[in-house]
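Next up, data38.cif (mmCIF, C-alpha atoms):
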```
data_model
#
loop_
_atom_site.label_atom_id
_atom_site.label_comp_id
_atom_site.auth_asym_id
_atom_site.auth_seq_id
_atom_site.Cartn_x
_atom_site.Cartn_y
_atom_site.Cartn_z
CA MET P 1 -12.05 -29.83 -34.39
CA SER P 2 -11.23 -26.52 -32.79
CA THR P 3 -13.25 -27.38 -29.65
CA THR P 4 -11.08 -30.44 -29.09
CA ALA P 5 -7.98 -28.28 -29.37
CA GLU P 6 -9.46 -25.83 -26.86
CA THR P 7 -10.32 -28.48 -24.31
CA GLU P 8 -6.80 -29.81 -24.56
CA LYS P 9 -5.45 -26.49 -23.36
CA THR P 10 -4.94 -26.58 -19.63
CA ILE P 11 -3.66 -24.38 -16.82
CA TRP P 12 -1.68 -25.55 -13.84
CA VAL P 13 -3.16 -24.02 -10.71
CA HIS P 14 -1.01 -24.11 -7.57
CA ILE P 15 -3.25 -23.63 -4.54
CA TRP P 16 -2.24 -23.22 -0.91
CA ARG P 17 -3.69 -26.05 1.15
CA GLY P 18 -3.68 -26.00 4.93
CA LYS P 19 -3.48 -23.24 7.51
CA ASP P 20 -0.18 -21.63 8.52
CA GLU P 21 1.51 -24.96 8.00
CA GLY P 22 0.66 -26.31 4.61
CA ARG P 23 1.83 -26.71 1.03
CA HIS P 24 0.96 -25.80 -2.52
CA VAL P 25 -1.02 -28.47 -4.33
CA SER P 26 -1.07 -28.34 -8.12
CA TYR P 27 -4.15 -29.06 -10.20
CA GLU P 28 -4.47 -29.20 -13.98
CA VAL P 29 -7.71 -27.60 -15.09
CA PRO P 30 -9.08 -26.81 -18.56
CA ALA P 31 -8.33 -23.35 -19.94
CA ARG P 32 -11.48 -21.65 -21.15
CA GLU P 33 -12.40 -18.40 -22.84
CA ASN P 34 -13.44 -15.61 -20.45
CA GLN P 35 -12.24 -17.52 -17.42
CA THR P 36 -11.69 -15.74 -14.13
CA VAL P 37 -9.38 -16.82 -11.34
CA LEU P 38 -12.48 -17.55 -9.23
CA ASP P 39 -13.65 -19.89 -12.01
CA LEU P 40 -10.36 -21.77 -11.68
CA VAL P 41 -10.79 -22.16 -7.92
CA THR P 42 -14.40 -23.28 -8.38
CA GLU P 43 -13.32 -25.77 -11.03
CA VAL P 44 -10.76 -27.23 -8.64
CA GLN P 45 -13.30 -27.38 -5.81
CA ARG P 46 -15.96 -29.05 -7.95
CA TYR P 47 -13.89 -31.56 -9.89
CA HIS P 48 -10.63 -32.11 -8.02
CA GLU P 49 -10.77 -31.16 -4.34
CA PRO P 50 -14.25 -30.96 -2.77
CA ALA P 51 -12.70 -30.08 0.61
CA LEU P 52 -11.05 -26.91 -0.72
CA ALA P 53 -12.06 -23.92 1.43
CA TYR P 54 -12.52 -20.53 -0.19
CA ARG P 55 -14.91 -17.63 0.09
CA PHE P 56 -17.06 -15.93 -2.53
CA ALA P 57 -20.60 -14.65 -2.92
CA CYS P 58 -21.61 -12.35 -5.77
CA ARG P 59 -19.01 -13.25 -8.46
CA VAL P 60 -19.39 -9.79 -10.03
CA GLY P 61 -17.18 -7.48 -7.94
CA VAL P 62 -19.81 -6.18 -5.56
CA CYS P 63 -19.50 -8.13 -2.31
CA GLY P 64 -15.72 -8.07 -1.83
CA SER P 65 -15.45 -11.56 -0.35
CA CYS P 66 -13.39 -13.43 -2.96
CA ALA P 67 -10.09 -11.56 -2.57
CA MET P 68 -7.03 -13.84 -2.63
CA THR P 69 -3.36 -13.58 -3.42
CA VAL P 70 -2.90 -14.34 -7.10
CA ASN P 71 0.68 -14.74 -8.33
CA GLY P 72 1.84 -12.77 -5.31
CA ARG P 73 -0.63 -9.88 -5.56
CA PRO P 74 -3.91 -9.41 -3.71
CA ARG P 75 -6.84 -9.31 -6.12
CA TRP P 76 -10.56 -9.86 -6.47
CA THR P 77 -10.53 -13.29 -8.06
CA CYS P 78 -13.99 -12.78 -9.61
CA ARG P 79 -12.83 -9.73 -11.56
CA THR P 80 -9.41 -11.04 -12.55
CA HIS P 81 -9.32 -12.71 -15.92
CA VAL P 82 -6.93 -15.62 -16.10
CA LYS P 83 -5.47 -14.24 -19.34
CA ARG P 84 -4.28 -11.13 -17.49
CA VAL P 85 -2.34 -12.94 -14.80
CA VAL P 86 -1.36 -16.37 -16.12
CA GLU P 87 2.41 -16.84 -16.28
CA GLY P 88 3.63 -19.59 -18.57
CA GLY P 89 0.40 -21.55 -18.21
CA GLU P 90 0.57 -21.46 -14.41
CA ILE P 91 -1.17 -19.54 -11.62
CA THR P 92 -0.42 -19.56 -7.91
CA ILE P 93 -3.35 -18.82 -5.60
CA GLU P 94 -2.88 -18.20 -1.88
CA PRO P 95 -4.91 -16.67 0.96
CA LEU P 96 -4.73 -12.95 1.63
CA ARG P 97 -1.72 -11.72 3.57
CA ASN P 98 -1.90 -10.03 7.01
CA MET P 99 -4.96 -11.96 8.18
CA PRO P 100 -5.14 -15.12 10.29
CA ARG P 101 -5.78 -18.12 8.09
CA ILE P 102 -8.72 -20.42 8.66
CA LYS P 103 -8.18 -23.06 6.00
CA ASP P 104 -6.77 -23.12 2.47
CA LEU P 105 -7.83 -19.82 0.82
CA ALA P 106 -10.17 -18.58 3.55
CA CYS P 107 -8.98 -15.96 6.07
CA ASP P 108 -10.42 -14.64 9.29
CA MET P 109 -11.32 -11.01 8.54
CA GLY P 110 -12.47 -10.27 12.10
CA GLU P 111 -9.48 -8.15 13.04
CA PHE P 112 -9.77 -6.21 9.78
CA PHE P 113 -13.39 -5.30 10.59
CA ASP P 114 -12.54 -4.57 14.25
CA LYS P 115 -9.95 -2.03 13.12
CA TRP P 116 -12.61 -0.37 10.98
CA GLN P 117 -14.50 0.33 14.23
CA LYS P 118 -11.32 1.23 16.11
CA ALA P 119 -10.58 3.95 13.53
CA GLY P 120 -13.98 5.48 14.30
CA GLY P 121 -15.73 4.08 11.25
CA LYS P 122 -19.22 4.03 12.75
CA PHE P 123 -21.46 6.85 11.58
CA LYS P 124 -23.03 8.93 14.32
CA GLY P 125 -25.76 11.16 12.99
CA LYS P 126 -26.51 14.66 14.23
CA ALA P 127 -30.18 14.44 13.39
CA THR P 128 -32.96 11.96 14.12
CA ARG P 129 -35.20 10.31 11.56
CA ARG P 130 -37.97 12.74 12.45
CA GLU P 131 -35.99 15.67 11.11
CA PRO P 132 -35.72 16.44 7.40
CA PRO P 133 -32.56 15.18 5.64
CA MET P 134 -29.68 17.62 5.77
CA ALA P 135 -28.90 19.32 2.47
CA VAL P 136 -25.39 18.39 1.37
CA ASP P 137 -23.76 20.34 -1.43
CA PRO P 138 -22.30 17.73 -3.82
CA GLU P 139 -19.84 20.34 -5.09
CA SER P 140 -18.34 21.17 -1.71
CA ARG P 141 -14.70 20.21 -1.13
CA GLU P 142 -15.64 18.05 1.86
CA ARG P 143 -18.28 16.09 -0.07
CA LYS P 144 -15.89 15.55 -2.99
CA ASN P 145 -13.29 14.22 -0.52
CA ALA P 146 -15.85 11.86 0.98
CA ASP P 147 -17.08 10.73 -2.45
CA ALA P 148 -13.52 9.87 -3.51
CA GLY P 149 -13.29 7.16 -0.87
CA ILE P 150 -16.90 6.18 -0.33
CA GLU P 151 -17.06 3.20 -2.72
CA CYS P 152 -14.89 0.95 -0.53
CA ILE P 153 -16.55 -2.46 -0.11
CA ASN P 154 -14.24 -3.86 2.62
CA CYS P 155 -12.61 -6.54 0.51
CA GLY P 156 -9.33 -6.33 2.40
CA VAL P 157 -7.10 -6.12 -0.69
CA CYS P 158 -5.41 -2.91 0.49
CA TYR P 159 -4.96 -4.37 3.99
CA ALA P 160 -3.30 -7.45 2.51
CA ALA P 161 -1.09 -5.36 0.23
CA CYS P 162 0.15 -3.06 3.00
CA ASP P 163 3.62 -3.74 4.40
CA VAL P 164 3.01 -1.52 7.44
CA VAL P 165 0.14 -3.81 8.48
CA ALA P 166 2.58 -6.73 8.19
CA TRP P 167 5.17 -4.92 10.32
CA ASN P 168 2.90 -3.34 12.92
CA LYS P 169 -0.08 -5.36 14.13
CA ASP P 170 -1.58 -2.24 15.76
CA TYR P 171 -1.74 -0.33 12.48
CA LEU P 172 -5.37 0.25 11.59
CA GLY P 173 -4.72 -0.18 7.89
CA PRO P 174 -5.69 1.68 4.71
CA ALA P 175 -9.36 0.66 4.53
CA ALA P 176 -10.21 1.69 8.11
CA LEU P 177 -8.42 5.03 7.76
CA ASN P 178 -10.06 5.64 4.38
CA ARG P 179 -13.43 5.10 6.07
CA ALA P 180 -12.45 7.53 8.83
CA TRP P 181 -11.51 10.10 6.18
CA THR P 182 -14.91 9.82 4.46
CA LEU P 183 -16.64 10.40 7.82
CA LEU P 184 -14.34 13.31 8.69
CA ASN P 185 -15.61 14.92 5.51
CA ASP P 186 -19.23 14.03 6.17
CA GLU P 187 -20.96 17.10 7.57
CA ARG P 188 -23.80 14.91 8.92
CA HIS P 189 -21.36 13.11 11.27
CA ALA P 190 -21.76 14.19 14.89
CA ASP P 191 -18.31 13.67 16.40
CA HIS P 192 -15.51 14.86 14.13
CA ALA P 193 -13.17 15.65 17.05
CA GLY P 194 -13.51 12.17 18.57
CA LEU P 195 -13.11 10.58 15.16
CA LEU P 196 -9.96 12.56 14.42
CA GLU P 197 -8.52 11.48 17.76
CA MET P 198 -9.24 7.82 17.00
CA ALA P 199 -7.77 8.04 13.50
CA THR P 200 -4.62 9.77 14.73
CA SER P 201 -3.98 7.72 17.88
CA GLU P 202 -1.48 4.84 18.19
CA GLY P 203 -1.58 2.77 14.99
CA GLY P 204 -3.46 5.52 13.17
CA CYS P 205 -2.57 7.67 10.18
CA ALA P 206 0.90 8.58 11.47
CA SER P 207 1.98 4.94 11.05
CA CYS P 208 1.49 5.11 7.27
CA HIS P 209 4.80 5.17 5.36
CA THR P 210 3.26 6.30 2.06
CA GLN P 211 4.39 3.16 0.26
CA GLY P 212 1.33 3.29 -1.97
CA ASN P 213 0.67 -0.48 -2.02
CA CYS P 214 -2.97 0.20 -1.12
CA MET P 215 -3.70 2.64 -3.96
CA THR P 216 -1.80 0.47 -6.42
CA HIS P 217 -3.93 -2.58 -5.64
CA CYS P 218 -7.39 -1.19 -4.80
CA PRO P 219 -9.74 -2.90 -7.29
CA VAL P 220 -12.17 0.05 -7.09
CA GLY P 221 -9.47 2.60 -7.82
CA ILE P 222 -9.73 4.33 -4.45
CA SER P 223 -6.57 5.90 -3.08
CA PRO P 224 -6.37 5.24 0.68
CA THR P 225 -2.94 6.89 0.49
CA ARG P 226 -4.72 10.11 -0.44
CA SER P 227 -7.26 9.67 2.36
CA ILE P 228 -4.54 9.00 4.96
CA ALA P 229 -2.60 12.04 3.72
CA GLY P 230 -5.81 14.02 4.21
CA ILE P 231 -6.10 12.88 7.84
CA LYS P 232 -2.43 13.73 8.47
CA LYS P 233 -2.96 17.22 7.09
CA MET P 234 -6.20 17.67 9.03
CA SER P 235 -4.52 16.58 12.28
CA LEU P 236 -1.69 19.06 11.74
CA VAL P 237 -4.13 21.89 11.09
CA ASP P 238 -6.08 20.82 14.17
CA LEU P 239 -2.88 20.88 16.25
CA LEU P 240 -1.90 24.34 15.00
CA ARG P 241 -5.41 25.67 15.64
CA GLY P 242 -5.29 24.18 19.13
CA ARG P 243 -2.00 25.94 19.80
CA ALA P 244 -3.42 29.20 18.49
CA ARG P 245 -6.43 29.01 20.79
CA MET E 1 4.73 -18.11 -0.37
CA ARG E 2 4.78 -15.57 -3.17
CA HIS E 3 4.12 -12.03 -2.03
CA SER E 4 5.09 -9.21 -4.35
CA PRO E 5 2.71 -6.29 -3.89
CA ARG E 6 5.80 -4.07 -3.94
CA ARG E 7 6.53 -3.94 -7.67
CA HIS E 8 5.50 -0.37 -8.33
CA ARG E 9 7.08 3.08 -8.48
CA ASN E 10 5.80 4.35 -5.13
CA TYR E 11 7.45 1.46 -3.33
CA VAL E 12 10.69 2.11 -5.18
CA ALA E 13 10.52 5.74 -4.03
CA PHE E 14 9.80 4.59 -0.47
CA LEU E 15 12.84 2.27 -0.54
CA GLY E 16 15.01 5.00 -2.05
CA HIS E 17 13.99 7.42 0.68
CA ARG E 18 14.52 4.97 3.56
CA LEU E 19 17.78 3.42 2.34
CA SER E 20 19.28 6.84 1.63
CA GLY E 21 18.18 7.83 5.14
CA ILE E 22 20.16 4.91 6.56
CA ALA E 23 23.14 6.01 4.46
CA LEU E 24 22.76 9.46 6.03
CA ALA E 25 22.77 7.92 9.51
CA ILE E 26 25.96 6.01 8.69
CA PHE E 27 27.61 9.09 7.20
CA LEU E 28 26.87 11.49 10.04
CA PRO E 29 29.25 9.98 12.64
CA PHE E 30 32.12 10.25 10.11
CA HIS E 31 31.12 13.81 9.38
CA PHE E 32 31.23 14.70 13.07
CA LEU E 33 34.53 12.84 13.38
CA ALA E 34 35.98 15.05 10.62
CA LEU E 35 34.67 18.18 12.33
CA GLY E 36 36.07 17.01 15.65
CA LEU E 37 39.49 16.38 14.09
CA ALA E 38 39.45 19.84 12.54
CA LEU E 39 38.83 21.33 15.96
CA GLU E 40 41.49 19.16 17.60
CA GLY E 41 44.36 20.28 15.43
CA ALA E 42 45.70 20.66 11.94
CA GLY E 43 47.85 17.48 12.01
CA SER E 44 45.13 14.95 12.63
CA PHE E 45 42.75 16.79 10.29
CA ASP E 46 45.36 16.70 7.50
CA ALA E 47 45.71 12.96 8.00
CA PHE E 48 41.96 12.63 7.70
CA LEU E 49 41.93 14.75 4.54
CA ALA E 50 44.65 12.52 3.05
CA PHE E 51 42.43 9.51 3.78
CA ALA E 52 39.48 11.31 2.18
CA ASP E 53 41.56 11.84 -0.98
CA ILE E 54 41.86 8.11 -1.68
CA PRO E 55 39.84 7.51 -4.92
CA LEU E 56 37.77 4.76 -3.32
CA VAL E 57 36.80 7.09 -0.47
CA LYS E 58 35.98 9.81 -3.03
CA MET E 59 33.70 7.37 -4.84
CA ALA E 60 32.03 6.54 -1.54
CA GLU E 61 31.57 10.27 -0.95
CA TRP E 62 29.99 10.57 -4.40
CA GLY E 63 27.60 7.79 -3.47
CA LEU E 64 26.71 9.60 -0.27
CA VAL E 65 26.08 12.87 -2.10
CA VAL E 66 23.73 11.09 -4.51
CA LEU E 67 21.94 9.24 -1.69
CA LEU E 68 21.60 12.36 0.43
CA ALA E 69 20.18 14.32 -2.51
CA LEU E 70 17.82 11.41 -3.17
CA HIS E 71 16.71 11.52 0.47
CA LEU E 72 16.04 15.24 0.21
CA PHE E 73 14.05 15.02 -3.04
CA PHE E 74 12.03 11.93 -2.09
CA GLY E 75 11.36 13.50 1.32
CA LEU E 76 10.05 16.62 -0.43
CA ARG E 77 7.80 14.38 -2.55
CA ILE E 78 6.27 12.89 0.61
CA LEU E 79 5.62 16.40 1.91
CA VAL E 80 3.95 17.29 -1.39
CA LEU E 81 1.82 14.12 -1.23
CA GLU E 82 0.78 14.77 2.34
CA PHE E 83 0.27 18.52 2.35
CA MET E 84 -0.56 19.60 -1.19
CA PRO E 85 -3.99 18.97 -2.74
CA TRP E 86 -4.29 15.79 -4.83
CA ARG E 87 -5.48 16.47 -8.37
CA SER E 88 -6.98 12.96 -8.65
CA ASP E 89 -6.97 9.60 -6.87
CA ALA E 90 -4.18 8.37 -9.09
CA ASP E 91 -2.11 11.51 -8.49
CA ASP E 92 0.87 9.87 -6.82
CA ARG E 93 3.24 12.56 -8.14
CA ALA E 94 5.13 10.00 -10.16
CA GLY E 95 6.89 12.83 -11.96
CA LEU E 96 8.56 13.83 -8.72
CA ILE E 97 10.09 10.34 -8.45
CA GLY E 98 11.76 10.79 -11.82
CA TRP E 99 12.77 14.39 -11.17
CA GLY E 100 14.06 13.46 -7.70
CA ALA E 101 16.20 10.61 -9.02
CA GLY E 102 17.41 12.79 -11.92
CA GLY E 103 18.16 15.70 -9.61
CA ALA E 104 20.16 13.46 -7.28
CA LEU E 105 22.24 12.15 -10.18
CA ALA E 106 22.76 15.73 -11.44
CA LEU E 107 24.03 16.79 -8.02
CA GLY E 108 26.31 13.75 -8.03
CA LEU E 109 27.64 14.90 -11.38
CA VAL E 110 28.29 18.38 -10.01
CA PHE E 111 30.18 16.77 -7.12
CA LEU E 112 32.28 14.71 -9.54
CA LEU E 113 33.08 17.84 -11.60
CA GLY E 114 34.24 19.55 -8.43
CA VAL E 115 36.46 16.62 -7.47
CA PHE E 116 38.17 15.95 -10.82
#
```
Can you turn what I pasted into structure tokens?
Amino acid sequence: MSTTAETEKTIWVHIWRGKDEGRHVSYEVPARENQTVLDLVTEVQRYHEPALAYRFACRVGVCGSCAMTVNGRPRWTCRTHVKRVVEGGEITIEPLRNMPRIKDLACDMGEFFDKWQKAGGKFKGKATRREPPMAVDPESRERKNADAGIECINCGVCYAACDVVAWNKDYLGPAALNRAWTLLNDERHADHAGLLEMATSEGGCASCHTQGNCMTHCPVGISPTRSIAGIKKMSLVDLLRGRAR
Amino acid sequence: MRHSPRRHRNYVAFLGHRLSGIALAIFLPFHFLALGLALEGAGSFDAFLAFADIPLVKMAEWGLVVLLALHLFFGLRILVLEFMPWRSDADDRAGLIGWGAGGALALGLVFLLGVF
């Protein structure tokens, strides 16, 4: 029967076990139709290794918590079909790069979120809730700039892909700077000057080497490279205007 | 550990720009040495020119010309990325990588035509 033939098909999954010191452990799991990499990890956790640590929540590409390194590249495991990434019947799954490891496939994302704040990512409104909402022209250049980067869900894929983050621990990273760029273009934000200073200070936009790893790997299709370039340009214009004053 | 988020054209352009920049840094001291010898006197400069005429040295010069042109073109691409408007999120100016590499090779060819 065809179902028997299907169940006989298996995939070898090599999963990182441990913290910084550890090893790859290989598991043979059934290959199924419409199987995601997260399904593989769940299969291993349920039937082979109950102590396997990994993180996920929504399973549909909304929460951004299941990102892992799959065959060397950072990806959302819930939105990565096994068929797209399997190499010779094998898949290697490791934790995200550039973040402290907790156990197995789970990373500590604290520093990643801290840098979001350090880049000035917190919205400060000009108006109170008692005032009417500000009218924002969706066709304005600023709003279009903000819209281009606004769908980031903080999954950390770009941060893990970035070599500059690996080289320079102070670098704020693509996601945090992308957030800063959306706020710099948000006319409702109260402190553009302070935000620009935070985004251009040590470890800010000037540290970016335009390698493009972030825009190549962003699962949403955002280009943090574009956002960072925008901050660089804005800071130069700001400098020239300052000189002219 | 397997980490290969670097297999894409932008990273290749980044590497091309940085490595050619290092080549420039290595070349510059020799360039200043040649200029210094020219100022010192004709004899020592002629000896240097004779050294520069060795085919292997000429080939190395060709490599430098190509790398320096590459550095110029890939550097211009970064300026375009950072200071010109992006037409879309995916607008990484990939064409400029190809044109830059092609332009560098063309300049190398012009150098070779001048030498031989």
Up to 6 Å from chain P, what residues of chain E turn up? Count only C-alpha atoms and give them as a PDB file with C-alpha atoms, in the coordinates of the input.
```pdb
ATOM      1  CA  ARG E   2       4.780 -15.570  -3.170  1.00  0.00           C
ATOM      2  CA  HIS E   3       4.120 -12.030  -2.030  1.00  0.00           C
ATOM      3  CA  SER E   4       5.090  -9.210  -4.350  1.00  0.00           C
ATOM      4  CA  PRO E   5       2.710  -6.290  -3.890  1.00  0.00           C
ATOM      5  CA  ASN E  10       5.800   4.350  -5.130  1.00  0.00           C
ATOM      6  CA  TYR E  11       7.450   1.460  -3.330  1.00  0.00           C
ATOM      7  CA  PHE E  14       9.800   4.590  -0.470  1.00  0.00           C
ATOM      8  CA  GLU E  82       0.780  14.770   2.340  1.00  0.00           C
ATOM      9  CA  PHE E  83       0.270  18.520   2.350  1.00  0.00           C
ATOM     10  CA  ASP E  89      -6.970   9.600  -6.870  1.00  0.00           C
TER      11      ASP E  89
END
```
Would you list the residues near (-8.9, 10.5, 13.5), meaning any protein, DNA or RNA residue with an atom at most 10 Å from that point in file coordinates, counting all atoms listed in the file, as JSON, numbers by chain?
{"P": [118, 119, 120, 121, 177, 180, 181, 183, 184, 192, 193, 194, 195, 196, 197, 198, 199, 200, 201, 204, 205, 228, 231, 232, 234, 235]}
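Neighbours of Leu112 of chain E closer than or equal to 12 Å, with only C-alpha atoms counted and sequence neighbours fewer than 2 positions away skipped, come out as Pro55, Lys58, Met59, Ala60, Glu61, Trp62, Gly63, Leu64, Val65, Val66, Leu105, Ala106, Leu107, Gly108, Leu109, Val110, Gly114, Val115 and Phe116 of chain E.
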Pairwise distance for atom CA of Ala94 of chain E and atom CA of Ser20 of chain E, rounded to one decimal in Å
18.7 Å
Could you check which of E:Phe74, E:Phe48, E:Arg9, E:Asp91 is closest to Leu35 of chain E, using only C-alpha atoms?
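For Leu35 of chain E, the nearest of the candidates is E:Phe48.
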Need the shell around Leu24 of chain E: protein/DNA/RNA residues with any atom at most 9 Å away, counting all atoms listed in the file. Skip same-chain ones fewer than 6 positions apart. Format as a list in words?
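The residues that qualify are Leu64, Leu67, Leu68 and His71 of chain E.
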Please write as a PDB file with C-alpha atoms, in the coordinates of the input the list of polymer residues whose atoms come within 12 Å of (-19.8, -11.6, -2.2), counting only C-alpha atoms and keeping to the coordinates of the file.
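File produced: point_25.pdb:
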```
ATOM      1  CA  LEU P  38     -12.480 -17.550  -9.230  1.00  0.00           C
ATOM      2  CA  TYR P  54     -12.520 -20.530  -0.190  1.00  0.00           C
ATOM      3  CA  ARG P  55     -14.910 -17.630   0.090  1.00  0.00           C
ATOM      4  CA  PHE P  56     -17.060 -15.930  -2.530  1.00  0.00           C
ATOM      5  CA  ALA P  57     -20.600 -14.650  -2.920  1.00  0.00           C
ATOM      6  CA  CYS P  58     -21.610 -12.350  -5.770  1.00  0.00           C
ATOM      7  CA  ARG P  59     -19.010 -13.250  -8.460  1.00  0.00           C
ATOM      8  CA  VAL P  60     -19.390  -9.790 -10.030  1.00  0.00           C
ATOM      9  CA  GLY P  61     -17.180  -7.480  -7.940  1.00  0.00           C
ATOM     10  CA  VAL P  62     -19.810  -6.180  -5.560  1.00  0.00           C
ATOM     11  CA  CYS P  63     -19.500  -8.130  -2.310  1.00  0.00           C
ATOM     12  CA  GLY P  64     -15.720  -8.070  -1.830  1.00  0.00           C
ATOM     13  CA  SER P  65     -15.450 -11.560  -0.350  1.00  0.00           C
ATOM     14  CA  CYS P  66     -13.390 -13.430  -2.960  1.00  0.00           C
ATOM     15  CA  ALA P  67     -10.090 -11.560  -2.570  1.00  0.00           C
ATOM     16  CA  TRP P  76     -10.560  -9.860  -6.470  1.00  0.00           C
ATOM     17  CA  THR P  77     -10.530 -13.290  -8.060  1.00  0.00           C
ATOM     18  CA  CYS P  78     -13.990 -12.780  -9.610  1.00  0.00           C
ATOM     19  CA  ARG P  79     -12.830  -9.730 -11.560  1.00  0.00           C
ATOM     20  CA  ILE P 153     -16.550  -2.460  -0.110  1.00  0.00           C
ATOM     21  CA  ASN P 154     -14.240  -3.860   2.620  1.00  0.00           C
ATOM     22  CA  CYS P 155     -12.610  -6.540   0.510  1.00  0.00           C
TER      23      CYS P 155
END
```
Please provide the set of residues having any atom within 10 Å of Gln117 of chain P, restricted to all atoms listed in the file, with same-chain residues fewer than 4 positions apart removed, written as JSON, numbers by chain.
{"P": [111, 112, 113, 121, 122, 123, 172, 176, 179, 180, 198]}
I need the chosen residues saved as a CSV table (one decimal), in the frame of the given file, with C-alpha atoms.
```csv
chain,number,residue,atom,x,y,z
P,111,GLU,CA,-9.5,-8.2,13.0
P,112,PHE,CA,-9.8,-6.2,9.8
P,113,PHE,CA,-13.4,-5.3,10.6
P,121,GLY,CA,-15.7,4.1,11.2
P,122,LYS,CA,-19.2,4.0,12.8
P,123,PHE,CA,-21.5,6.8,11.6
P,172,LEU,CA,-5.4,0.2,11.6
P,176,ALA,CA,-10.2,1.7,8.1
P,179,ARG,CA,-13.4,5.1,6.1
P,180,ALA,CA,-12.4,7.5,8.8
P,198,MET,CA,-9.2,7.8,17.0
```
Missing atoms in segment 134-146 of chain P need filling: write out N, CA, C and O atoms for it as an mmCIF file, in the coordinates of the input.
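Everything below was put into selection11.cif:
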```
data_model
loop_
_atom_site.group_PDB
_atom_site.id
_atom_site.type_symbol
_atom_site.label_atom_id
_atom_site.label_comp_id
_atom_site.auth_asym_id
_atom_site.auth_seq_id
_atom_site.Cartn_x
_atom_site.Cartn_y
_atom_site.Cartn_z
ATOM 1 N N MET P 134 -30.536 16.434 5.894
ATOM 2 C CA MET P 134 -29.680 17.620 5.770
ATOM 3 C C MET P 134 -29.298 17.809 4.293
ATOM 4 O O MET P 134 -29.024 16.834 3.590
ATOM 5 N N ALA P 135 -29.307 19.036 3.850
ATOM 6 C CA ALA P 135 -28.900 19.320 2.470
ATOM 7 C C ALA P 135 -27.375 19.324 2.392
ATOM 8 O O ALA P 135 -26.718 20.052 3.129
ATOM 9 N N VAL P 136 -26.843 18.471 1.534
ATOM 10 C CA VAL P 136 -25.390 18.390 1.370
ATOM 11 C C VAL P 136 -25.036 18.846 -0.038
ATOM 12 O O VAL P 136 -25.569 18.313 -1.012
ATOM 13 N N ASP P 137 -24.159 19.822 -0.121
ATOM 14 C CA ASP P 137 -23.760 20.340 -1.430
ATOM 15 C C ASP P 137 -22.788 19.355 -2.079
ATOM 16 O O ASP P 137 -21.663 19.173 -1.588
ATOM 17 N N PRO P 138 -23.194 18.714 -3.193
ATOM 18 C CA PRO P 138 -22.300 17.730 -3.820
ATOM 19 C C PRO P 138 -21.015 18.348 -4.369
ATOM 20 O O PRO P 138 -20.052 17.648 -4.650
ATOM 21 N N GLU P 139 -21.019 19.670 -4.531
ATOM 22 C CA GLU P 139 -19.840 20.340 -5.090
ATOM 23 C C GLU P 139 -18.873 20.842 -4.026
ATOM 24 O O GLU P 139 -17.826 21.389 -4.346
ATOM 25 N N SER P 140 -19.248 20.669 -2.759
ATOM 26 C CA SER P 140 -18.340 21.170 -1.710
ATOM 27 C C SER P 140 -17.078 20.317 -1.655
ATOM 28 O O SER P 140 -17.092 19.142 -2.023
ATOM 29 N N ARG P 141 -15.988 20.928 -1.192
ATOM 30 C CA ARG P 141 -14.700 20.210 -1.130
ATOM 31 C C ARG P 141 -14.822 18.983 -0.225
ATOM 32 O O ARG P 141 -14.331 17.908 -0.540
ATOM 33 N N GLU P 142 -15.506 19.152 0.900
ATOM 34 C CA GLU P 142 -15.640 18.050 1.860
ATOM 35 C C GLU P 142 -16.379 16.864 1.216
ATOM 36 O O GLU P 142 -15.984 15.716 1.361
ATOM 37 N N ARG P 143 -17.500 17.184 0.520
ATOM 38 C CA ARG P 143 -18.280 16.090 -0.070
ATOM 39 C C ARG P 143 -17.489 15.387 -1.165
ATOM 40 O O ARG P 143 -17.547 14.167 -1.322
ATOM 41 N N LYS P 144 -16.712 16.156 -1.931
ATOM 42 C CA LYS P 144 -15.890 15.550 -2.990
ATOM 43 C C LYS P 144 -14.833 14.636 -2.365
ATOM 44 O O LYS P 144 -14.527 13.568 -2.898
ATOM 45 N N ASN P 145 -14.252 15.074 -1.235
ATOM 46 C CA ASN P 145 -13.290 14.220 -0.520
ATOM 47 C C ASN P 145 -13.939 12.927 -0.076
ATOM 48 O O ASN P 145 -13.359 11.848 -0.208
ATOM 49 N N ALA P 146 -15.144 13.052 0.496
ATOM 50 C CA ALA P 146 -15.850 11.860 0.980
ATOM 51 C C ALA P 146 -16.199 10.942 -0.193
ATOM 52 O O ALA P 146 -16.001 9.725 -0.125
#
```
